[in-house]
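This report refers to the structure that appears directly beneath it.
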Amino acid sequence: MVMIGVIHTAWTIFISIYAFIIPKKLGCDFCYIGYILLLAISWLMYKDECLITYFHKTMVNPSYQMGEDSNRFADSEEIFGKELTIIIFNISMIFAIASLYTVSNRNNFAPFYVYLPFIACYFIYLLVARKFYAPRFFNTYLQKYVLTFKIAFLGTIVTYLYCLVLSKKYLKSP
């Protein structure tokens with residue numbers, strides 16, 4: 001089970017630094033953006049739970065209910081401990097936002113007025129809606145707006161996905 005945490009953490013770090021290590025000319029950016037959009041949809045569908053971490057949690061505790069402890073990275077904590085895992089994911093989050101912006105900007109898969117709101121919602125989701133950083137602030141002031149925010153976030157995802165996949169402009173061969 002340790003291997004799940006190693007692979008998950010390595011993948012998270014890779015996705016976070018993707019734009020800085022994979023050049024545009026390799027042609028993988030379309031898949032990267034598609035993956036990020038589908039990942040965000042999966043988080044929304046599965047109660048803010050990463051499916052890899054959820055799988056790990058159910059292996060450890062078969063009675064675990066999805067979303068019960070969605071902000072705990074149990075698979076990574078098993079290897080690195082709670083404190084180091086939080087540091088790794090905080091740093092990864094900063095790089096992930098920069099990477100997402102870089103890839104979105106360098107490809108023009110969608111206009112800036114589509115990808116910027118998505119990136120902003122993605123950032124807010126990671127910071128607040130998952131209650132990872134400020135649980136007391138979240139519970140006091142933001143809890144009542146979660147459904148509205150998630151609907152707006154889903155709207156930005158679908159809009160970006162539409163631009164990415166359905167727009168004929170982006171599907172033309174180079």
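Identifiers for the structure tokens are assigned positionally: chains receive A, B, ... in sequence, residues are indexed from 1 per chain, and ligands are indexed from 1 in the order shown.
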Show me a table, sorted first by chain and then by increasing residue number, of the residues of region 101-165 of chain A having an atom at most 9 Å from region 6-21 of chain A, each with its shortest atom pair and the distance in Å to one decimal, counting only C-alpha atoms and written as JSON lines.
```
{"residue": "A:Tyr101", "atom": "CA", "partner": "A:Ala19", "partner_atom": "CA", "distance": 8.8}
{"residue": "A:Thr102", "atom": "CA", "partner": "A:Ala19", "partner_atom": "CA", "distance": 6.3}
{"residue": "A:Val103", "atom": "CA", "partner": "A:Ala19", "partner_atom": "CA", "distance": 5.9}
```
(request) For region 117-119 of chain A, please output as a VMD selection string all residues within 12 Å (counting only C-alpha atoms; exclusion window: fewer than 5 positions along the same chain). (result) chain A and resid 33 36 to 37 40 to 41 93 to 94 96 to 105 110 to 112 124 to 126 149 to 150 152 to 161
Output C-alpha atoms of each residue in that selection to a file, as a PDB file, in the first residue's frame.
```pdb
ATOM      1  CA  ILE A  33      -5.329  20.260 -19.858  1.00  0.00           C
ATOM      2  CA  ILE A  36      -6.750  18.560 -15.261  1.00  0.00           C
ATOM      3  CA  LEU A  37     -10.317  19.315 -16.355  1.00  0.00           C
ATOM      4  CA  ALA A  40     -11.525  18.621 -11.331  1.00  0.00           C
ATOM      5  CA  ILE A  41     -14.803  17.050 -12.470  1.00  0.00           C
ATOM      6  CA  MET A  93      -0.427  23.531  -5.406  1.00  0.00           C
ATOM      7  CA  ILE A  94       1.527  26.713  -6.102  1.00  0.00           C
ATOM      8  CA  ALA A  96       0.178  23.456 -10.250  1.00  0.00           C
ATOM      9  CA  ILE A  97      -1.522  26.833 -10.601  1.00  0.00           C
ATOM     10  CA  ALA A  98       1.548  28.294 -12.351  1.00  0.00           C
ATOM     11  CA  SER A  99       1.803  25.228 -14.592  1.00  0.00           C
ATOM     12  CA  LEU A 100      -1.877  25.337 -15.473  1.00  0.00           C
ATOM     13  CA  TYR A 101      -1.626  29.026 -16.341  1.00  0.00           C
ATOM     14  CA  THR A 102       1.539  28.487 -18.399  1.00  0.00           C
ATOM     15  CA  VAL A 103       0.066  25.636 -20.437  1.00  0.00           C
ATOM     16  CA  SER A 104      -3.243  27.454 -20.940  1.00  0.00           C
ATOM     17  CA  ASN A 105      -1.469  30.627 -22.026  1.00  0.00           C
ATOM     18  CA  ALA A 110      -9.412  28.673 -24.885  1.00  0.00           C
ATOM     19  CA  PRO A 111      -9.575  32.458 -24.652  1.00  0.00           C
ATOM     20  CA  PHE A 112      -8.106  33.995 -21.505  1.00  0.00           C
ATOM     21  CA  ILE A 124     -10.065  28.690  -4.677  1.00  0.00           C
ATOM     22  CA  TYR A 125     -11.247  25.094  -4.655  1.00  0.00           C
ATOM     23  CA  LEU A 126      -7.857  23.858  -3.525  1.00  0.00           C
ATOM     24  CA  PHE A 149     -19.324  27.761  -5.883  1.00  0.00           C
ATOM     25  CA  LYS A 150     -19.214  24.148  -7.062  1.00  0.00           C
ATOM     26  CA  ALA A 152     -19.833  27.892 -10.887  1.00  0.00           C
ATOM     27  CA  PHE A 153     -16.629  25.830 -10.858  1.00  0.00           C
ATOM     28  CA  LEU A 154     -18.312  23.104 -12.888  1.00  0.00           C
ATOM     29  CA  GLY A 155     -19.466  25.785 -15.318  1.00  0.00           C
ATOM     30  CA  THR A 156     -15.894  26.994 -15.833  1.00  0.00           C
ATOM     31  CA  ILE A 157     -14.721  23.400 -16.316  1.00  0.00           C
ATOM     32  CA  VAL A 158     -17.395  22.598 -18.891  1.00  0.00           C
ATOM     33  CA  THR A 159     -16.739  25.849 -20.748  1.00  0.00           C
ATOM     34  CA  TYR A 160     -13.003  25.171 -20.904  1.00  0.00           C
ATOM     35  CA  LEU A 161     -13.628  21.552 -21.891  1.00  0.00           C
TER      36      LEU A 161
END
```
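Across the structure, CA of Thr85 (chain A) and CA of Tyr115 (chain A) are spaced 28.6 Å apart.
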(message) DSSP on the backbone: which residues in region 58-135 of chain A end up as alpha helix (DSSP H)? Give the answer as a ChimeraX atom specification.
(response) /A:58-60,74-80,82-107,112-124,135
(request) Counting only C-alpha atoms, figure out which residue out of A:Leu116, A:Thr148, A:Phe109, A:Leu127 gets nearest to Tyr32 (chain A). (result) A:Phe109
(request) Name all residues at most 12 Å from Tyr64 (chain A) (count only C-alpha atoms; drop same-chain ones fewer than 5 positions away) and give them as a ChimeraX atom specification. (result) /A:49,53-59,69-70
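Distance-wise, CA of Ile87 (chain A) and CA of Phe123 (chain A) end up 16.5 Å apart.
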